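S.K.: Dropping in my_file_29.pdb, with PDB, C-alpha atoms.
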```pdb
ATOM      1  CA  MET A   1     131.144 -33.307 245.488
ATOM      2  CA  PRO A   2     133.126 -34.105 242.269
ATOM      3  CA  VAL A   3     131.386 -36.196 239.608
ATOM      4  CA  SER A   4     133.065 -39.563 238.968
ATOM      5  CA  ARG A   5     134.524 -40.388 235.547
ATOM      6  CA  GLU A   6     132.153 -43.387 235.146
ATOM      7  CA  ARG A   7     129.093 -41.218 235.706
ATOM      8  CA  THR A   8     130.320 -38.620 233.224
ATOM      9  CA  LEU A   9     130.953 -41.303 230.577
ATOM     10  CA  GLY A  10     127.518 -42.806 231.200
ATOM     11  CA  TRP A  11     125.738 -39.498 230.660
ATOM     12  CA  LEU A  12     127.781 -38.783 227.526
ATOM     13  CA  ALA A  13     126.771 -42.167 226.070
ATOM     14  CA  VAL A  14     123.093 -41.484 226.865
ATOM     15  CA  VAL A  15     123.244 -38.059 225.207
ATOM     16  CA  ALA A  16     124.959 -39.526 222.117
ATOM     17  CA  GLY A  17     122.279 -42.223 221.759
ATOM     18  CA  LEU A  18     119.426 -39.741 222.182
ATOM     19  CA  GLY A  19     121.024 -37.432 219.631
ATOM     20  CA  LEU A  20     121.267 -40.251 217.090
ATOM     21  CA  ALA A  21     117.635 -41.302 217.614
ATOM     22  CA  LEU A  22     116.430 -37.697 217.352
ATOM     23  CA  ALA A  23     118.402 -37.072 214.152
ATOM     24  CA  VAL A  24     116.960 -40.154 212.434
ATOM     25  CA  GLN A  25     113.389 -39.355 213.557
ATOM     26  CA  VAL A  26     113.630 -35.729 212.403
ATOM     27  CA  HIS A  27     115.012 -36.734 209.006
ATOM     28  CA  ALA A  28     112.534 -39.575 208.362
ATOM     29  CA  PRO A  29     109.633 -39.534 210.858
ATOM     30  CA  VAL A  30     107.452 -42.625 211.112
ATOM     31  CA  GLY A  31     104.416 -42.405 213.369
ATOM     32  CA  VAL A  32     103.686 -46.110 213.838
ATOM     33  CA  PRO A  33     106.148 -48.989 213.351
ATOM     34  CA  LEU A  34     105.114 -51.026 210.329
ATOM     35  CA  TYR A  35     106.918 -54.283 211.135
ATOM     36  CA  ASP A  36     108.455 -56.118 214.030
ATOM     37  CA  GLY A  37     110.656 -59.129 213.411
ATOM     38  CA  VAL A  38     112.144 -60.808 210.368
ATOM     39  CA  ILE A  39     110.072 -60.679 207.187
ATOM     40  CA  VAL A  40     110.623 -63.333 204.505
ATOM     41  CA  PRO A  41     109.342 -61.740 201.273
ATOM     42  CA  GLU A  42     107.111 -63.809 199.049
ATOM     43  CA  PRO A  43     107.155 -63.253 195.270
ATOM     44  CA  TYR A  44     105.440 -60.114 194.016
ATOM     45  CA  ARG A  45     101.889 -60.646 192.762
ATOM     46  CA  TYR A  46     100.830 -58.851 189.588
ATOM     47  CA  LEU A  47      97.322 -57.748 188.713
ATOM     48  CA  HIS A  48      98.076 -58.741 185.110
ATOM     49  CA  PRO A  49     100.885 -61.321 185.256
ATOM     50  CA  VAL A  50     103.012 -62.059 182.212
ATOM     51  CA  GLY A  51     104.664 -65.418 181.602
ATOM     52  CA  GLU A  52     105.527 -67.070 184.920
ATOM     53  CA  GLN A  53     104.817 -64.008 187.062
ATOM     54  CA  PRO A  54     102.549 -64.741 190.080
ATOM     55  CA  GLY A  55      99.086 -63.206 189.976
ATOM     56  CA  ASP A  56      96.064 -62.624 192.220
ATOM     57  CA  PRO A  57      97.243 -59.721 194.393
ATOM     58  CA  THR A  58      95.159 -59.296 197.531
ATOM     59  CA  SER A  59      93.041 -56.360 198.625
ATOM     60  CA  ALA A  60      92.422 -54.946 202.107
ATOM     61  CA  ASP A  61      89.039 -54.165 203.647
ATOM     62  CA  ALA A  62      88.546 -53.084 207.272
ATOM     63  CA  THR A  63      86.013 -51.215 209.404
ATOM     64  CA  LYS A  64      87.238 -48.904 212.181
ATOM     65  CA  GLN A  65      85.016 -47.400 214.855
ATOM     66  CA  VAL A  66      84.925 -43.638 215.373
ATOM     67  CA  GLN A  67      85.256 -42.579 218.994
ATOM     68  CA  GLY A  68      84.489 -39.115 220.338
ATOM     69  CA  GLY A  69      84.054 -37.709 216.852
ATOM     70  CA  LYS A  70      87.662 -38.552 215.942
ATOM     71  CA  THR A  71      89.004 -41.215 213.627
ATOM     72  CA  PRO A  72      91.099 -43.799 215.526
ATOM     73  CA  VAL A  73      94.675 -44.924 215.074
ATOM     74  CA  PHE A  74      94.686 -47.769 212.547
ATOM     75  CA  ALA A  75      96.885 -49.804 210.224
ATOM     76  CA  VAL A  76      95.392 -51.621 207.230
ATOM     77  CA  ALA A  77      97.419 -53.746 204.798
ATOM     78  CA  THR A  78      97.058 -56.310 202.029
ATOM     79  CA  ASP A  79      97.722 -59.967 202.863
ATOM     80  CA  GLU A  80     101.044 -60.549 201.101
ATOM     81  CA  GLN A  81     104.197 -61.001 203.186
ATOM     82  CA  PRO A  82     105.282 -58.283 203.358
ATOM     83  CA  PRO A  83     102.149 -56.408 202.232
ATOM     84  CA  GLN A  84     102.246 -54.880 198.789
ATOM     85  CA  ALA A  85     100.248 -51.870 200.005
ATOM     86  CA  GLN A  86      99.341 -50.505 203.405
ATOM     87  CA  ILE A  87      98.233 -47.355 205.178
ATOM     88  CA  VAL A  88      98.918 -46.275 208.761
ATOM     89  CA  ALA A  89      96.930 -43.379 210.230
ATOM     90  CA  GLN A  90      97.247 -41.484 213.475
ATOM     91  CA  GLU A  91      94.277 -40.370 215.564
ATOM     92  CA  ASP A  92      92.087 -37.658 214.031
ATOM     93  CA  ALA A  93      93.759 -37.969 210.619
ATOM     94  CA  PHE A  94      90.430 -37.643 208.726
ATOM     95  CA  GLN A  95      87.474 -35.300 208.854
ATOM     96  CA  VAL A  96      84.497 -37.303 210.131
ATOM     97  CA  PRO A  97      81.095 -36.441 208.579
ATOM     98  CA  ALA A  98      78.396 -35.538 211.056
ATOM     99  CA  GLY A  99      76.740 -38.622 212.545
ATOM    100  CA  ALA A 100      79.373 -41.071 211.281
ATOM    101  CA  THR A 101      80.280 -43.786 213.787
ATOM    102  CA  ALA A 102      82.628 -45.930 211.680
ATOM    103  CA  LEU A 103      85.127 -45.832 208.833
ATOM    104  CA  HIS A 104      85.425 -48.205 205.898
ATOM    105  CA  VAL A 105      89.077 -48.505 204.799
ATOM    106  CA  THR A 106      89.958 -50.231 201.515
ATOM    107  CA  ILE A 107      93.112 -50.822 199.484
ATOM    108  CA  THR A 108      92.523 -52.262 196.012
ATOM    109  CA  PRO A 109      94.841 -53.061 193.087
ATOM    110  CA  VAL A 110      93.383 -51.379 189.981
ATOM    111  CA  ASP A 111      94.200 -50.806 186.335
ATOM    112  CA  PRO A 112      95.814 -47.415 185.693
ATOM    113  CA  THR A 113      93.385 -45.011 184.061
ATOM    114  CA  VAL A 114      96.319 -43.166 182.473
ATOM    115  CA  GLN A 115     100.000 -43.934 181.930
ATOM    116  CA  PRO A 116     102.731 -41.592 183.236
ATOM    117  CA  THR A 117     104.299 -39.231 180.724
ATOM    118  CA  GLN A 118     107.722 -39.866 182.291
ATOM    119  CA  GLY A 119     108.931 -43.184 183.591
ATOM    120  CA  ALA A 120     106.950 -46.385 183.960
ATOM    121  CA  ILE A 121     104.697 -47.958 186.585
ATOM    122  CA  ALA A 122     106.496 -50.735 188.474
ATOM    123  CA  GLY A 123     104.041 -53.367 189.650
ATOM    124  CA  ASN A 124     100.439 -52.535 190.486
ATOM    125  CA  VAL A 125      98.484 -49.348 190.976
ATOM    126  CA  TYR A 126      96.736 -49.280 194.368
ATOM    127  CA  ARG A 127      93.619 -47.294 195.223
ATOM    128  CA  PHE A 128      93.427 -46.111 198.835
ATOM    129  CA  ALA A 129      89.963 -45.106 200.057
ATOM    130  CA  VAL A 130      88.377 -44.214 203.394
ATOM    131  CA  THR A 131      84.589 -43.796 203.473
ATOM    132  CA  THR A 132      81.658 -44.021 205.828
ATOM    133  CA  PRO A 133      79.806 -47.378 205.789
ATOM    134  CA  ASP A 134      77.239 -45.885 203.374
ATOM    135  CA  GLY A 135      79.976 -44.892 200.887
ATOM    136  CA  GLN A 136      80.414 -41.196 201.719
ATOM    137  CA  ALA A 137      84.032 -40.145 201.125
ATOM    138  CA  VAL A 138      86.048 -39.019 204.141
ATOM    139  CA  THR A 139      88.362 -36.033 203.723
ATOM    140  CA  ALA A 140      91.978 -36.240 204.814
ATOM    141  CA  LYS A 141      92.858 -33.549 207.348
ATOM    142  CA  ALA A 142      95.846 -31.261 206.923
ATOM    143  CA  CYS A 143      98.412 -32.642 209.344
ATOM    144  CA  ASP A 144     102.123 -33.332 209.607
ATOM    145  CA  SER A 145     102.961 -36.979 208.855
ATOM    146  CA  CYS A 146      99.710 -38.362 210.294
ATOM    147  CA  ARG A 147      99.106 -40.693 207.315
ATOM    148  CA  THR A 148     101.786 -43.032 206.002
ATOM    149  CA  MET A 149     101.369 -45.117 202.861
ATOM    150  CA  VAL A 150     103.770 -47.948 202.059
ATOM    151  CA  ILE A 151     103.876 -49.569 198.616
ATOM    152  CA  ARG A 152     105.963 -52.557 197.647
ATOM    153  CA  GLY A 153     107.271 -52.919 194.126
ATOM    154  CA  PRO A 154     108.575 -55.946 192.226
ATOM    155  CA  ASP A 155     111.688 -57.561 193.695
ATOM    156  CA  ASP A 156     114.075 -56.041 191.131
ATOM    157  CA  VAL A 157     113.038 -52.448 191.942
ATOM    158  CA  THR A 158     115.689 -50.856 194.144
ATOM    159  CA  GLU A 159     115.131 -47.224 193.177
ATOM    160  CA  GLY A 160     111.730 -45.687 192.604
ATOM    161  CA  THR A 161     109.400 -42.846 193.447
ATOM    162  CA  ILE A 162     105.822 -43.068 194.673
ATOM    163  CA  ALA A 163     103.460 -41.080 192.479
ATOM    164  CA  HIS A 164      99.839 -39.973 193.028
ATOM    165  CA  LEU A 165      97.296 -39.772 190.227
ATOM    166  CA  ASP A 166      96.121 -36.168 190.608
ATOM    167  CA  ASN A 167      93.637 -34.675 188.138
ATOM    168  CA  GLY A 168      94.539 -37.157 185.424
ATOM    169  CA  ALA A 169      98.335 -36.883 185.781
ATOM    170  CA  TRP A 170     100.898 -38.803 187.801
ATOM    171  CA  VAL A 171     102.648 -36.517 190.284
ATOM    172  CA  ASN A 172     105.734 -37.626 192.196
ATOM    173  CA  VAL A 173     105.511 -37.295 195.982
ATOM    174  CA  ALA A 174     108.269 -37.226 198.601
ATOM    175  CA  THR A 175     109.445 -40.822 198.928
ATOM    176  CA  LEU A 176     111.581 -42.741 201.415
ATOM    177  CA  HIS A 177     112.818 -46.313 201.545
ATOM    178  CA  ALA A 178     110.631 -48.331 203.915
ATOM    179  CA  GLY A 179     113.462 -50.455 205.329
ATOM    180  CA  ILE A 180     113.210 -53.382 202.886
ATOM    181  CA  ALA A 181     114.355 -53.413 199.266
ATOM    182  CA  ALA A 182     111.581 -52.566 196.777
ATOM    183  CA  MET A 183     109.420 -50.993 199.515
ATOM    184  CA  PHE A 184     108.798 -47.258 199.601
ATOM    185  CA  GLN A 185     106.747 -44.971 201.819
ATOM    186  CA  THR A 186     105.255 -41.498 201.712
ATOM    187  CA  ASN A 187     103.362 -39.262 204.091
ATOM    188  CA  ALA A 188     100.214 -38.897 202.030
ATOM    189  CA  ASN A 189      98.250 -35.657 201.936
ATOM    190  CA  ALA A 190      95.373 -37.216 200.006
ATOM    191  CA  LEU A 191      93.822 -40.575 199.155
ATOM    192  CA  GLY A 192      93.336 -42.067 195.707
ATOM    193  CA  ASP A 193      95.513 -44.003 193.258
ATOM    194  CA  TYR A 194      99.211 -44.498 194.042
ATOM    195  CA  ALA A 195     102.000 -46.423 192.301
ATOM    196  CA  ILE A 196     105.774 -46.733 192.166
ATOM    197  CA  LEU A 197     107.398 -45.128 189.135
ATOM    198  CA  THR A 198     110.854 -45.994 187.830
ATOM    199  CA  GLY A 199     112.919 -43.990 185.361
ATOM    200  CA  SER A 200     110.934 -40.810 185.996
ATOM    201  CA  ALA A 201     112.235 -37.327 186.714
ATOM    202  CA  GLY A 202     113.054 -37.158 190.386
ATOM    203  CA  ASN A 203     113.513 -40.938 190.510
ATOM    204  CA  GLY A 204     114.914 -42.203 193.794
ATOM    205  CA  THR A 205     114.288 -41.731 197.467
ATOM    206  CA  GLY A 206     113.369 -38.304 198.654
ATOM    207  CA  GLY A 207     111.237 -37.490 195.586
ATOM    208  CA  GLY A 208     114.182 -36.042 193.650
ATOM    209  CA  GLY A 209     115.967 -34.177 196.416
ATOM    210  CA  GLY A 210     117.539 -34.454 199.808
ATOM    211  CA  LEU A 211     119.866 -36.931 201.396
ATOM    212  CA  ASP A 212     119.194 -40.622 200.896
ATOM    213  CA  PRO A 213     118.042 -41.885 204.325
ATOM    214  CA  LEU A 214     120.337 -44.920 204.006
ATOM    215  CA  VAL A 215     123.341 -42.616 203.591
ATOM    216  CA  PHE A 216     122.069 -40.381 206.390
ATOM    217  CA  GLY A 217     121.636 -43.356 208.714
ATOM    218  CA  GLY A 218     125.139 -44.615 207.886
ATOM    219  CA  VAL A 219     126.693 -41.231 208.667
ATOM    220  CA  ALA A 220     124.730 -40.991 211.929
ATOM    221  CA  LEU A 221     125.832 -44.481 212.984
ATOM    222  CA  ALA A 222     129.454 -43.691 212.121
ATOM    223  CA  LEU A 223     129.330 -40.567 214.277
ATOM    224  CA  PHE A 224     127.722 -42.500 217.110
ATOM    225  CA  PHE A 225     130.402 -45.215 217.102
ATOM    226  CA  ALA A 226     133.120 -42.576 216.860
ATOM    227  CA  VAL A 227     131.777 -40.990 220.036
ATOM    228  CA  VAL A 228     131.605 -44.366 221.776
ATOM    229  CA  ALA A 229     135.187 -45.191 220.718
ATOM    230  CA  GLY A 230     136.385 -41.847 222.039
ATOM    231  CA  LEU A 231     134.682 -42.435 225.358
ATOM    232  CA  PHE A 232     136.188 -45.932 225.600
ATOM    233  CA  TRP A 233     139.688 -44.589 224.915
ATOM    234  CA  TYR A 234     139.204 -41.852 227.498
ATOM    235  CA  ARG A 235     138.155 -44.376 230.082
ATOM    236  CA  ARG A 236     140.979 -46.840 229.347
ATOM    237  CA  ARG A 237     143.885 -44.403 229.284
ATOM    238  CA  PRO A 238     146.072 -44.574 232.411
ATOM    239  CA  ALA A 239     145.542 -41.987 235.088
ATOM    240  CA  PRO A 240     148.441 -39.544 235.580
ATOM    241  CA  VAL A 241     150.817 -40.397 238.426
ATOM    242  CA  PRO A 242     150.555 -37.744 241.149
ATOM    243  CA  VAL A 243     153.785 -35.856 241.788
ATOM    244  CA  ALA A 244     154.424 -34.660 245.333
ATOM    245  CA  ARG A 245     155.686 -31.116 245.556
ATOM    246  CA  LEU A 246     158.306 -30.671 248.282
ATOM    247  CA  GLY A 247     159.304 -27.516 250.093
ATOM    248  CA  PRO A 248     162.715 -25.906 249.716
ATOM    249  CA  THR A 249     164.216 -27.898 252.636
ATOM    250  CA  ARG A 250     162.383 -31.139 251.998
ATOM    251  CA  GLY A 251     163.488 -34.021 249.867
ATOM    252  CA  ARG A 252     167.203 -33.762 250.719
ATOM    253  CA  ILE A 253     169.112 -36.921 251.525
ATOM    254  CA  PRO A 254     170.157 -36.615 255.176
ATOM    255  CA  SER A 255     173.893 -36.673 255.854
ATOM    256  CA  LYS A 256     175.328 -39.724 257.583
ATOM    257  CA  ARG A 257     177.813 -37.607 259.495
ATOM    258  CA  LYS A 258     176.888 -36.864 263.054
ATOM    259  CA  GLY A 259     177.726 -33.672 264.850
ATOM    260  CA  PRO A 260     179.575 -33.544 268.216
ATOM    261  CA  ARG A 261     177.672 -34.728 271.189
ATOM    262  CA  ARG A 262     176.550 -31.979 273.517
ATOM    263  CA  PRO A 263     176.852 -32.399 277.291
ATOM    264  CA  PRO A 264     173.726 -32.822 279.339
ATOM    265  CA  GLY A 265     173.875 -29.238 280.568
ATOM    266  CA  GLY A 266     173.865 -27.884 277.087
ATOM    267  CA  ARG A 267     177.481 -26.538 277.376
ATOM    268  CA  SER A 268     180.263 -27.622 275.124
ATOM    269  CA  ASP A 269     183.795 -28.284 276.461
TER     270      ASP A 269
END
```
Could I get this structure in the form of structure tokens?

M.R.:
Amino acid sequence: MPVSRERTLGWLAVVAGLGLALAVQVHAPVGVPLYDGVIVPEPYRYLHPVGEQPGDPTSADATKQVQGGKTPVFAVATDEQPPQAQIVAQEDAFQVPAGATALHVTITPVDPTVQPTQGAIAGNVYRFAVTTPDGQAVTAKACDSCRTMVIRGPDDVTEGTIAHLDNGAWVNVATLHAGIAAMFQTNANALGDYAILTGSAGNGTGGGGGLDPLVFGGVALALFFAVVAGLFWYRRRPAPVPVARLGPTRGRIPSKRKGPRRPPGGRSD
């Protein structure tokens, strides 16, 4: 039974949409959505405000229960709108010490213990920590994108790189835009002190390499709409008019002249 044109177009549209979603997820995977709805940003809060800058940035403190020896899925964020720092973790993202039944998750704005040798810190330094209730540090497991940190910078920061304070030096990590200006995210392999750097080597999304996800998303959307436009044109074009093929003796205009009438017996006079 032949497949109708409408069904073919429907399946092509579904495949195009799935391809677009897969391309975006592969390029910039996010395990847990961070926001839903419209966010009205409030002014950035500085740990050490200057002049008329707002101060008193908030911290985050939460306790999460361990179930079956595995750390749970959780999202912890500071109280600003949108948060100035947050962490999202998938299940089993940390190594649980023997006998531990809960996790203590904290995010705290702190003074930098050392300044970067390249670039400058934009906004606050945030310390991310996950411990047992008695203060024992929890180790981050090796996993693919199971921990996402998001840090918001001051409102005028449009390009920056998240850096991790590692053994007394700031090290840039792979960075992506988090969907709102001045917000950046990274898939963290370790906890500790993190900040946004501007003017450093490798400044910009992607940690100094790769395609900007905004450009990538624009190209993907353009391809998607091009496919949809092609399908619409294909559906709207007129169907070809069928042409009847006649045999060698068909299609002639019959003559108006009549032959002689034959007698009833079939004999001619």

S.K.: Closest to Glu91 in chain A among A:Ala188, A:Ala181, A:Val66, A:Ile162, using all atoms listed in the file?

M.R.: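 Nearest candidate to Glu91 in chain A out of A:Ala188, A:Ala181, A:Val66, A:Ile162: A:Val66.
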
S.K.: Gln185 in chain A: which residues within 9 Å, counting all atoms listed in the file, same-chain residues fewer than 3 positions away excluded, as a PDB file with C-alpha atoms, in the frame of the given file?

M.R.:
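After the write, around11.pdb holds the following:
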```pdb
ATOM      1  CA  THR A 148     101.786 -43.032 206.002  1.00  0.00           C
ATOM      2  CA  MET A 149     101.369 -45.117 202.861  1.00  0.00           C
ATOM      3  CA  VAL A 150     103.770 -47.948 202.059  1.00  0.00           C
ATOM      4  CA  ILE A 151     103.876 -49.569 198.616  1.00  0.00           C
ATOM      5  CA  ARG A 152     105.963 -52.557 197.647  1.00  0.00           C
ATOM      6  CA  ILE A 162     105.822 -43.068 194.673  1.00  0.00           C
ATOM      7  CA  ALA A 174     108.269 -37.226 198.601  1.00  0.00           C
ATOM      8  CA  THR A 175     109.445 -40.822 198.928  1.00  0.00           C
ATOM      9  CA  LEU A 176     111.581 -42.741 201.415  1.00  0.00           C
ATOM     10  CA  HIS A 177     112.818 -46.313 201.545  1.00  0.00           C
ATOM     11  CA  ALA A 178     110.631 -48.331 203.915  1.00  0.00           C
ATOM     12  CA  ALA A 188     100.214 -38.897 202.030  1.00  0.00           C
TER      13      ALA A 188
END
```

S.K.: Return as a list in words the set of residues that the PyMOL selection byres ((chain A and resi 139) around 8) yields on the displayed structure.

M.R.: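 For this structure, the PyMOL selection byres ((chain A and resi 139) around 8) captures Phe94, Gln95, Val96, Ala137, Val138, Ala140 and Lys141 of chain A.
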
S.K.: Output C-alpha atoms for every residue in that selection, as a PDB file, in the frame of the given file.

M.R.:
```pdb
ATOM      1  CA  PHE A  94      90.430 -37.643 208.726  1.00  0.00           C
ATOM      2  CA  GLN A  95      87.474 -35.300 208.854  1.00  0.00           C
ATOM      3  CA  VAL A  96      84.497 -37.303 210.131  1.00  0.00           C
ATOM      4  CA  ALA A 137      84.032 -40.145 201.125  1.00  0.00           C
ATOM      5  CA  VAL A 138      86.048 -39.019 204.141  1.00  0.00           C
ATOM      6  CA  ALA A 140      91.978 -36.240 204.814  1.00  0.00           C
ATOM      7  CA  LYS A 141      92.858 -33.549 207.348  1.00  0.00           C
TER       8      LYS A 141
END
```

S.K.: Can you give me, as a list in words, the residues this file yields under the PyMOL selection byres ((chain A and resi 128) around 10)?

M.R.: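 Checking the PyMOL selection byres ((chain A and resi 128) around 10) against this file, the residues are Ala60, Ala85, Gln86, Ile87, Val105, Thr106, Ile107, Thr108, Pro109, Val125, Tyr126, Arg127, Ala129, Val130, Met149, Ala190, Leu191, Gly192, Asp193 and Tyr194 of chain A.
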
S.K.: Apply the PyMOL selection byres ((chain A and resi 116) around 12) to the displayed file and report the matching residues as number ranges by chain.

M.R.: A: 112-115, 117-122, 125, 162-166, 168-172, 194-201

S.K.: Which is closer to Tyr46 in chain A than all the others in A:Glu159, A:Asp61, A:Glu80, A:Asp144, using only C-alpha atoms?

M.R.: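 Between A:Glu159, A:Asp61, A:Glu80, A:Asp144, the residue approaching Tyr46 in chain A most closely is A:Glu80.
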
S.K.: Some atoms are absent from range 110-121 of chain A, so rebuild N, CA and C atoms and return them as a short mmCIF file (atom, residue, chain, number, x, y, z; two decimals), in the coordinates of the input.

M.R.:
```cif
data_model
loop_
_atom_site.label_atom_id
_atom_site.label_comp_id
_atom_site.auth_asym_id
_atom_site.auth_seq_id
_atom_site.Cartn_x
_atom_site.Cartn_y
_atom_site.Cartn_z
N VAL A 110 94.25 -51.79 191.09
CA VAL A 110 93.38 -51.38 189.98
C VAL A 110 94.22 -51.16 188.73
N ASP A 111 93.54 -51.16 187.59
CA ASP A 111 94.20 -50.81 186.34
C ASP A 111 94.45 -49.30 186.30
N PRO A 112 95.58 -48.86 185.80
CA PRO A 112 95.81 -47.42 185.69
C PRO A 112 94.89 -46.80 184.65
N THR A 113 94.27 -45.69 185.01
CA THR A 113 93.38 -45.01 184.06
C THR A 113 94.18 -44.20 183.05
N VAL A 114 95.44 -43.90 183.37
CA VAL A 114 96.32 -43.17 182.47
C VAL A 114 97.75 -43.59 182.78
N GLN A 115 98.59 -43.60 181.76
CA GLN A 115 100.00 -43.93 181.93
C GLN A 115 100.80 -42.65 182.22
N PRO A 116 101.91 -42.79 182.97
CA PRO A 116 102.73 -41.59 183.24
C PRO A 116 103.41 -41.10 181.97
N THR A 117 103.61 -39.80 181.87
CA THR A 117 104.30 -39.23 180.72
C THR A 117 105.81 -39.41 180.84
N GLN A 118 106.30 -39.61 182.06
CA GLN A 118 107.72 -39.87 182.29
C GLN A 118 107.86 -41.10 183.18
N GLY A 119 108.73 -41.99 182.80
CA GLY A 119 108.93 -43.18 183.59
C GLY A 119 107.87 -44.23 183.31
N ALA A 120 107.89 -45.28 184.13
CA ALA A 120 106.95 -46.38 183.96
C ALA A 120 106.48 -46.87 185.33
N ILE A 121 105.27 -47.41 185.35
CA ILE A 121 104.70 -47.96 186.58
C ILE A 121 105.34 -49.30 186.87
#
```
